[in-house]
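Next comes work21.cif, a file with mmCIF, C-alpha atoms.
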```cif
data_coords
#
loop_
_atom_site.label_atom_id
_atom_site.label_comp_id
_atom_site.auth_asym_id
_atom_site.auth_seq_id
_atom_site.Cartn_x
_atom_site.Cartn_y
_atom_site.Cartn_z
CA MET A 1186 -13.85 34.04 -18.38
CA ASP A 1187 -16.48 35.16 -15.83
CA GLU A 1188 -17.62 33.52 -12.63
CA ASN A 1189 -20.62 31.91 -14.31
CA GLN A 1190 -18.41 29.88 -16.65
CA LEU A 1191 -16.19 28.74 -13.79
CA GLU A 1192 -19.26 27.82 -11.81
CA MET A 1193 -20.54 25.80 -14.75
CA ILE A 1194 -17.19 23.98 -15.05
CA LEU A 1195 -17.24 23.29 -11.32
CA ASN A 1196 -20.76 21.91 -11.53
CA THR A 1197 -19.73 19.71 -14.44
CA ILE A 1198 -16.81 18.32 -12.47
CA GLN A 1199 -19.00 17.75 -9.43
CA SER A 1200 -21.71 16.03 -11.48
CA GLN A 1201 -19.21 13.50 -12.92
CA SER A 1202 -17.57 12.57 -9.59
CA PRO A 1203 -19.03 10.16 -7.02
CA ASN A 1204 -20.02 11.53 -3.68
CA SER A 1205 -17.20 10.26 -1.48
CA THR A 1206 -14.53 11.66 0.75
CA ILE A 1207 -11.73 10.84 -1.69
CA ARG A 1208 -13.56 12.42 -4.58
CA ASN A 1209 -14.30 15.49 -2.49
CA ASN A 1210 -10.62 15.88 -1.70
CA GLN A 1211 -9.75 15.54 -5.38
CA ARG A 1212 -12.44 18.06 -6.24
CA ASP A 1213 -11.12 20.48 -3.66
CA ASN A 1214 -7.61 20.10 -5.07
CA LEU A 1215 -8.89 20.71 -8.59
CA ILE A 1216 -10.79 23.80 -7.48
CA LEU A 1217 -7.67 25.04 -5.71
CA ILE A 1218 -5.59 24.55 -8.86
CA ILE A 1219 -8.16 26.44 -10.95
CA GLN A 1220 -8.33 29.25 -8.44
CA GLN A 1221 -4.54 29.61 -8.50
CA LEU A 1222 -4.40 29.94 -12.28
CA PRO A 1223 -3.57 33.39 -13.66
CA ASP A 1224 -6.35 35.23 -15.41
CA ASP A 1225 -4.74 34.80 -18.83
CA GLN A 1226 -4.84 30.98 -18.47
CA LEU A 1227 -8.46 30.59 -17.36
CA LEU A 1228 -9.73 30.45 -20.93
CA SER A 1229 -7.15 27.80 -21.86
CA ALA A 1230 -8.04 25.72 -18.80
CA ALA A 1231 -11.76 25.88 -19.57
CA HIS A 1232 -11.10 24.96 -23.21
CA LEU A 1233 -8.84 22.07 -22.14
CA ILE A 1234 -11.46 20.57 -19.85
CA SER A 1235 -14.26 20.95 -22.37
CA THR A 1236 -12.22 19.69 -25.33
CA MET A 1237 -10.24 16.72 -23.94
CA ARG A 1238 -13.22 14.35 -23.94
CA TYR A 1239 -14.09 11.15 -25.76
CA PRO A 1240 -15.93 12.13 -28.94
CA LYS A 1241 -17.84 8.84 -29.22
CA GLY A 1242 -18.15 5.36 -27.83
CA PRO A 1243 -19.30 4.21 -24.40
CA ASN A 1244 -17.19 6.96 -22.75
CA LYS A 1245 -18.52 9.72 -24.97
CA GLY A 1246 -18.40 13.08 -23.22
CA LYS A 1247 -16.06 11.89 -20.47
CA ILE A 1248 -12.61 13.41 -19.96
CA TYR A 1249 -9.73 11.44 -21.43
CA SER A 1250 -8.05 8.92 -19.12
CA PRO A 1251 -4.66 9.80 -17.56
CA TYR A 1252 -3.02 7.28 -19.90
CA LEU A 1253 -4.31 9.02 -23.03
CA GLN A 1254 -3.46 12.40 -21.55
CA LYS A 1255 0.12 11.24 -21.00
CA LYS A 1256 0.35 9.95 -24.57
CA ALA A 1257 -0.97 13.24 -25.92
CA TYR A 1258 1.50 15.16 -23.76
CA GLU A 1259 4.47 13.07 -24.98
CA SER A 1260 3.40 13.46 -28.61
CA ILE A 1261 3.08 17.22 -28.27
CA THR A 1262 6.41 17.49 -26.44
CA GLN A 1263 8.30 15.48 -29.05
CA SER A 1264 6.85 17.38 -32.00
CA LEU A 1265 6.89 20.82 -30.42
CA TYR A 1266 10.54 20.83 -29.32
CA LYS A 1267 11.91 18.65 -32.08
CA HIS A 1268 14.66 20.23 -34.18
CA GLN A 1269 13.30 21.01 -37.60
CA PRO A 1270 15.82 20.15 -40.33
CA THR A 1271 16.86 22.87 -42.73
CA TYR A 1272 17.23 22.53 -46.47
CA LYS A 1273 21.01 22.50 -46.16
CA SER A 1274 21.02 19.75 -43.54
CA LEU A 1275 18.63 17.67 -45.64
CA GLN A 1276 20.88 18.17 -48.66
CA GLU A 1277 23.97 17.10 -46.70
CA SER A 1278 22.14 14.07 -45.36
CA ASN A 1279 21.04 13.17 -48.87
CA THR A 1280 24.62 13.49 -50.16
CA LYS A 1281 25.89 11.25 -47.36
CA LEU A 1282 23.22 8.65 -48.10
CA LYS A 1283 24.19 8.67 -51.78
CA ALA A 1284 27.87 8.15 -50.89
CA ASP A 1285 26.95 5.29 -48.55
CA PHE A 1286 24.80 3.78 -51.28
CA LYS A 1287 27.66 3.92 -53.80
CA LYS A 1288 30.03 2.35 -51.28
CA LEU A 1289 27.60 -0.46 -50.52
CA HIS A 1290 27.00 -0.93 -54.24
CA ARG A 1291 30.74 -1.33 -54.87
CA GLN A 1292 31.03 -3.79 -51.99
CA ASN A 1293 28.07 -5.71 -53.37
CA GLN A 1294 29.66 -5.87 -56.83
CA THR A 1295 32.93 -7.06 -55.29
CA LEU A 1296 31.11 -9.80 -53.41
CA ILE A 1297 29.31 -10.81 -56.59
CA ARG A 1298 32.61 -11.10 -58.47
CA LYS A 1299 34.14 -13.12 -55.64
CA THR A 1300 31.12 -15.38 -55.60
CA GLN A 1301 31.39 -15.90 -59.35
CA SER A 1302 35.12 -16.60 -59.03
CA LEU A 1303 34.49 -19.10 -56.25
CA GLY A 1304 31.85 -20.72 -58.41
CA VAL A 1305 34.34 -21.13 -61.26
CA GLN A 1306 36.95 -22.53 -58.87
CA ASN A 1307 34.38 -24.89 -57.42
CA ARG A 1308 33.48 -26.21 -60.87
CA HIS A 1309 37.18 -26.55 -61.72
CA LEU A 1310 37.84 -28.50 -58.52
CA ARG A 1311 34.86 -30.72 -59.20
CA ASN A 1312 36.19 -31.46 -62.66
CA GLN A 1313 39.62 -32.21 -61.18
CA LYS A 1314 38.02 -34.47 -58.60
CA SER A 1315 36.10 -36.33 -61.29
CA SER A 1316 39.29 -36.66 -63.33
CA HIS A 1317 41.23 -38.00 -60.33
CA ILE A 1318 38.48 -40.46 -59.53
CA SER A 1319 38.53 -41.66 -63.14
CA GLN A 1320 42.31 -42.07 -62.99
CA ILE A 1321 42.09 -44.01 -59.72
CA ARG A 1322 39.42 -46.28 -61.14
CA SER A 1323 41.52 -46.81 -64.25
CA LEU A 1324 44.56 -47.68 -62.14
CA VAL A 1325 42.48 -50.07 -60.06
CA ARG A 1326 41.23 -51.79 -63.19
CA CYS A 1327 44.75 -52.01 -64.57
CA SER A 1328 46.14 -53.32 -61.28
CA HIS A 1329 44.15 -56.50 -61.63
CA GLN A 1330 45.92 -57.15 -64.91
CA ILE A 1331 49.48 -57.17 -63.47
CA SER A 1332 50.83 -60.69 -63.30
CA ASP A 1333 53.44 -62.03 -60.91
CA ALA A 1334 55.98 -62.26 -63.70
CA THR A 1335 55.42 -58.62 -64.65
CA PHE A 1336 55.78 -57.55 -61.02
CA GLN A 1337 59.02 -59.52 -60.59
CA LYS A 1338 60.40 -58.08 -63.80
CA LYS A 1339 59.68 -54.56 -62.56
CA ILE A 1340 61.41 -55.22 -59.22
CA LYS A 1341 64.44 -56.69 -60.97
CA SER A 1342 64.65 -53.63 -63.20
CA ILE A 1343 64.78 -51.45 -60.08
CA PHE A 1344 67.56 -53.43 -58.43
CA GLU A 1345 69.29 -54.34 -61.72
CA VAL A 1346 70.55 -57.61 -60.32
CA ASN A 1347 73.58 -59.28 -61.92
CA LYS A 1348 74.71 -55.97 -63.40
CA ARG A 1349 77.50 -53.68 -62.38
CA SER A 1350 75.29 -50.58 -62.49
CA TYR A 1351 72.51 -49.82 -60.02
CA THR A 1352 69.59 -47.45 -60.07
CA SER A 1353 69.49 -44.35 -57.90
CA ASN A 1354 66.59 -45.87 -55.92
CA THR A 1355 68.79 -48.83 -54.99
CA VAL A 1356 71.60 -46.54 -53.85
CA TRP A 1357 69.15 -44.43 -51.85
CA LEU A 1358 67.59 -47.47 -50.15
CA ALA A 1359 70.95 -48.99 -49.23
CA THR A 1360 72.48 -45.77 -47.86
CA SER A 1361 69.28 -44.96 -45.95
CA ILE A 1362 69.27 -48.37 -44.26
CA SER A 1363 72.94 -47.99 -43.32
CA GLN A 1364 72.15 -44.72 -41.51
CA VAL A 1365 69.35 -46.16 -39.35
CA GLY A 1366 70.58 -46.48 -35.78
CA GLN A 1367 73.88 -48.37 -35.60
CA VAL A 1368 73.42 -50.65 -38.60
CA SER A 1369 76.74 -51.89 -39.98
CA LEU A 1370 77.56 -52.15 -43.67
CA HIS A 1371 77.38 -55.95 -43.47
CA SER A 1372 73.91 -55.79 -41.88
CA THR A 1373 72.80 -53.33 -44.55
CA VAL A 1374 73.81 -55.74 -47.32
CA GLU A 1375 71.89 -58.56 -45.63
CA CYS A 1376 68.79 -56.36 -45.16
CA MET A 1377 68.82 -55.42 -48.83
CA LYS A 1378 69.08 -59.09 -49.77
CA LEU A 1379 66.12 -59.99 -47.55
CA ILE A 1380 64.01 -57.19 -49.06
CA TYR A 1381 64.80 -58.41 -52.56
CA GLU A 1382 64.01 -62.02 -51.67
CA PHE A 1383 60.71 -60.97 -50.06
CA LEU A 1384 59.62 -59.07 -53.17
CA ILE A 1385 60.85 -61.54 -55.81
CA GLY A 1386 60.37 -64.79 -53.97
CA GLU A 1387 63.90 -66.08 -54.55
CA PRO A 1388 67.39 -65.04 -53.39
CA PRO A 1389 69.62 -63.16 -55.85
CA GLN A 1390 72.46 -64.99 -57.55
CA ASN A 1391 74.84 -62.05 -57.19
CA TRP A 1392 74.50 -59.21 -54.76
CA ILE A 1393 75.95 -55.93 -53.55
CA SER A 1394 79.32 -56.19 -51.83
CA ILE A 1395 80.34 -54.33 -48.69
CA SER A 1396 82.98 -52.39 -50.61
CA THR A 1397 80.36 -51.23 -53.12
CA LEU A 1398 78.08 -50.09 -50.32
CA ARG A 1399 80.99 -48.28 -48.66
CA THR A 1400 81.69 -46.45 -51.92
CA TRP A 1401 78.01 -45.49 -52.23
CA HIS A 1402 77.97 -44.20 -48.69
CA GLN A 1403 81.08 -42.11 -49.26
CA ASN A 1404 79.73 -40.69 -52.53
CA VAL A 1405 76.36 -39.81 -51.02
CA SER A 1406 78.02 -38.21 -48.00
CA GLU A 1407 80.30 -36.20 -50.26
CA LEU A 1408 77.35 -35.01 -52.34
CA HIS A 1409 75.51 -33.99 -49.18
CA VAL A 1410 78.49 -32.12 -47.76
CA ASN A 1411 79.21 -30.41 -51.09
CA ALA A 1412 75.62 -29.23 -51.26
CA GLN A 1413 75.98 -27.73 -47.79
CA ILE A 1414 79.30 -26.11 -48.72
CA CYS A 1415 77.52 -24.49 -51.68
CA GLN A 1416 75.01 -23.02 -49.24
CA VAL A 1417 77.87 -21.67 -47.13
CA ALA A 1418 79.47 -20.16 -50.24
CA ASN A 1419 76.19 -18.49 -51.26
CA ALA A 1420 75.64 -17.03 -47.79
CA SER A 1421 76.56 -13.39 -47.28
CA VAL A 1422 78.65 -14.28 -44.20
CA PHE A 1423 79.51 -17.41 -42.27
CA GLY A 1424 81.21 -18.46 -39.07
CA ILE A 1425 83.33 -21.37 -37.94
CA MET A 1426 83.25 -23.51 -34.82
CA VAL A 1427 86.41 -25.39 -33.90
CA ASP A 1428 87.32 -27.74 -31.11
CA GLU A 1429 90.49 -29.67 -30.41
CA SER A 1430 91.45 -32.28 -27.89
CA THR A 1431 94.37 -34.54 -27.10
CA ARG A 1432 93.96 -38.29 -26.77
CA GLY A 1433 97.36 -39.63 -25.87
CA GLU A 1434 99.68 -38.87 -28.75
CA THR A 1435 96.78 -38.05 -31.10
CA LYS A 1436 95.53 -34.47 -31.50
CA ASN A 1437 91.94 -34.45 -32.75
CA PHE A 1438 90.61 -31.42 -34.59
CA VAL A 1439 86.94 -30.75 -35.47
CA MET A 1440 85.80 -27.86 -37.66
CA CYS A 1441 82.21 -26.78 -38.42
CA TYR A 1442 80.68 -24.07 -40.58
CA GLN A 1443 77.88 -21.86 -39.24
CA PHE A 1444 75.58 -20.07 -41.70
CA TRP A 1445 72.01 -19.00 -42.35
CA ASP A 1446 69.97 -21.52 -44.34
CA GLN A 1447 68.01 -19.40 -46.83
CA LYS A 1448 65.76 -22.28 -47.88
CA ASN A 1449 64.56 -23.22 -44.41
CA GLN A 1450 65.14 -19.76 -42.89
CA THR A 1451 67.01 -21.24 -39.93
CA PRO A 1452 70.60 -21.18 -38.64
CA ALA A 1453 72.59 -24.25 -39.71
CA VAL A 1454 75.82 -25.94 -38.65
CA VAL A 1455 77.81 -28.32 -40.88
CA ILE A 1456 80.61 -30.57 -39.63
CA ARG A 1457 83.27 -30.21 -42.33
CA ARG A 1458 86.50 -31.65 -40.95
CA LEU A 1459 87.49 -34.33 -38.46
CA GLN A 1460 91.23 -34.75 -38.68
CA ASP A 1461 94.43 -35.25 -36.73
CA ILE A 1462 96.89 -32.39 -36.28
CA GLN A 1463 100.43 -32.32 -34.95
CA LYS A 1464 99.89 -29.67 -32.29
CA CYS A 1465 96.94 -28.02 -30.56
CA ASN A 1466 98.45 -24.56 -30.23
CA ALA A 1467 96.88 -21.38 -31.60
CA GLU A 1468 99.16 -21.13 -34.64
CA THR A 1469 98.51 -24.70 -35.81
CA VAL A 1470 94.75 -24.40 -35.31
CA CYS A 1471 94.62 -21.08 -37.17
CA ASP A 1472 96.67 -22.40 -40.10
CA THR A 1473 94.50 -25.52 -40.28
CA VAL A 1474 91.29 -23.47 -40.36
CA ILE A 1475 92.58 -21.18 -43.11
CA GLU A 1476 93.78 -24.14 -45.16
CA ASN A 1477 90.39 -25.89 -44.87
CA ILE A 1478 88.50 -22.74 -45.87
CA LYS A 1479 90.70 -22.39 -48.95
CA GLN A 1480 90.23 -26.07 -49.84
CA ASP A 1481 86.46 -25.54 -49.79
CA SER A 1482 86.89 -22.53 -52.14
CA LEU A 1483 85.22 -20.17 -49.68
CA ASP A 1484 85.82 -16.45 -49.37
CA LEU A 1485 87.92 -15.97 -46.23
CA THR A 1486 86.71 -12.37 -45.85
CA LYS A 1487 83.14 -13.62 -45.28
CA CYS A 1488 84.17 -15.42 -42.11
CA VAL A 1489 82.94 -13.04 -39.40
CA LEU A 1490 82.58 -15.39 -36.43
CA TRP A 1491 84.91 -17.78 -34.62
CA THR A 1492 83.55 -20.01 -31.87
CA THR A 1493 85.87 -22.16 -29.78
CA ARG A 1494 86.24 -23.50 -26.27
CA ASP A 1495 88.55 -22.05 -23.66
CA GLY A 1496 91.74 -23.71 -22.51
CA ASN A 1497 89.94 -25.68 -19.79
CA GLY A 1498 87.31 -26.93 -22.23
CA ARG A 1499 84.52 -25.82 -19.91
CA SER A 1500 82.90 -22.95 -21.84
CA TRP A 1501 82.65 -21.58 -25.37
CA SER A 1502 84.15 -18.29 -26.49
CA VAL A 1503 82.93 -16.22 -29.44
CA ILE A 1504 85.18 -13.90 -31.42
CA GLY A 1505 83.50 -11.59 -33.93
CA GLN A 1506 84.97 -9.56 -36.76
CA SER A 1507 84.06 -5.87 -36.69
#
```
Is it possible to give me this structure as structure tokens?
Amino acid sequence: MDENQLEMILNTIQSQSPNSTIRNNQRDNLILIIQQLPDDQLLSAAHLISTMRYPKGPNKGKIYSPYLQKKAYESITQSLYKHQPTYKSLQESNTKLKADFKKLHRQNQTLIRKTQSLGVQNRHLRNQKSSHISQIRSLVRCSHQISDATFQKKIKSIFEVNKRSYTSNTVWLATSISQVGQVSLHSTVECMKLIYEFLIGEPPQNWISISTLRTWHQNVSELHVNAQICQVANASVFGIMVDESTRGETKNFVMCYQFWDQKNQTPAVVIRRLQDIQKCNAETVCDTVIENIKQDSLDLTKCVLWTTRDGNGRSWSVIGQS
């Protein structure tokens, strides 16, 4: 580029700038920048100034604003220095996208199947609900048809009054009442009589005796203890807890079984014996324990733990079998 072209560019810049001190300073700075350019960049600078102008509109022929220049610079920078993907990288990316698509497709199919299964369960539950509602309505309709005589007959069949045999519900109710708080056997019999009279509307002619209730209580207790002994027998190992004390001339002996309750997954303790013994020495206690274990038909070799109190009765001692 010769001096005439630079002079023309300078005149163009001067003709488009207002005549002010600030503009003159800017013009001087621009001239200084152009003068400092190397010779091989003069053509590019002249082409830049003549090209970067609005092609049309009210600003036609004017140089682009700094904002547009910045946008153009950012666009060129991003595209010029951007890493160009190769065929291999595009192929790997495509393979990865296909794998992701298959994975998402499988997940989508799984969700669809779960949704369908939930829909079937929902319909099944709705049908069950409708069936239960129908049953309840049927029972409500039938309940209005029960007469007092029918109700009394049903209650009498449960208690089986004036008979020597009783239903299991009667035995359960009587033994449960006798175990509430400190209710005596006599009070239990009276409570049962009041319940019957409340339901029937008249007192019974014959009723449960105290001796019968005592027999029930003993039988139920024995069944309960036997069930617990069966759990001890089925356990892989068990332990015993013994305690003895002297009350005057009487030597009291208490023996309990310790085992793991498989049903409830908790440790359990069962009081098995409460008896009097002649002496409270080690030999007598040991013989009594062995005799009780044999009476309960338990395997003596499974007894791996012995818990007892010391001679002063102040603390517990544990003896384990290795």
>> Just the number, please: distance in Å from atom CA of A:Asp1484 to atom CA of A:Val1422, one decimal.
In response: 9.1 Å
> Within 10 Å of (83.9, -10.8, -45.7), all atoms listed in the file: residues as number ranges by chain?
Replying inline: A: 1421-1423, 1484-1489, 1506
On this file, the PyMOL selection byres ((chain A and resi 1454-1462) around 7) gives some set of residues; write that set as a PDB file with C-alpha atoms, keeping the file's coordinate frame.
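Final file, out.pdb:
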```pdb
ATOM      1  CA  THR A1435      96.780 -38.050 -31.100  1.00  0.00           C
ATOM      2  CA  LYS A1436      95.530 -34.470 -31.500  1.00  0.00           C
ATOM      3  CA  ASN A1437      91.940 -34.450 -32.750  1.00  0.00           C
ATOM      4  CA  PHE A1438      90.610 -31.420 -34.590  1.00  0.00           C
ATOM      5  CA  VAL A1439      86.940 -30.750 -35.470  1.00  0.00           C
ATOM      6  CA  MET A1440      85.800 -27.860 -37.660  1.00  0.00           C
ATOM      7  CA  CYS A1441      82.210 -26.780 -38.420  1.00  0.00           C
ATOM      8  CA  TYR A1442      80.680 -24.070 -40.580  1.00  0.00           C
ATOM      9  CA  GLN A1443      77.880 -21.860 -39.240  1.00  0.00           C
ATOM     10  CA  PHE A1444      75.580 -20.070 -41.700  1.00  0.00           C
ATOM     11  CA  ALA A1453      72.590 -24.250 -39.710  1.00  0.00           C
ATOM     12  CA  GLN A1463     100.430 -32.320 -34.950  1.00  0.00           C
ATOM     13  CA  LYS A1464      99.890 -29.670 -32.290  1.00  0.00           C
TER      14      LYS A1464
END
```
> Which residue gives the smallest distance to A:Ala1412 among A:Arg1432, A:Lys1378, A:Thr1469, A:Asp1481, with all atoms listed in the file counted?
Replying inline: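 Once distances to A:Ala1412 are computed over all atoms listed in the file, the minimum belongs to A:Asp1481.
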>> Please list, as a ChimeraX atom specification, the residues that have an atom at most 12 Å away from (61.7, -62.0, -58.9) in the coordinates of this file, counting only C-alpha atoms.
In response: /A:1332-1346,1380-1390
> With only C-alpha atoms as the basis for distance, which of A:Ser1229, A:Tyr1272, A:Ser1394, A:Val1417 is at the shortest distance from A:Ile1478?
Replying inline: A:Val1417
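The spacing separating atom CA of A:Val1427 from atom CA of A:Thr1473 amounts to 10.3 Å.
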> Which distance in Å separates atom CA of A:Gln1367 and atom CA of A:Val1410, to one decimal?
Replying inline: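 Atom CA of A:Gln1367 sits 20.8 Å away from atom CA of A:Val1410.
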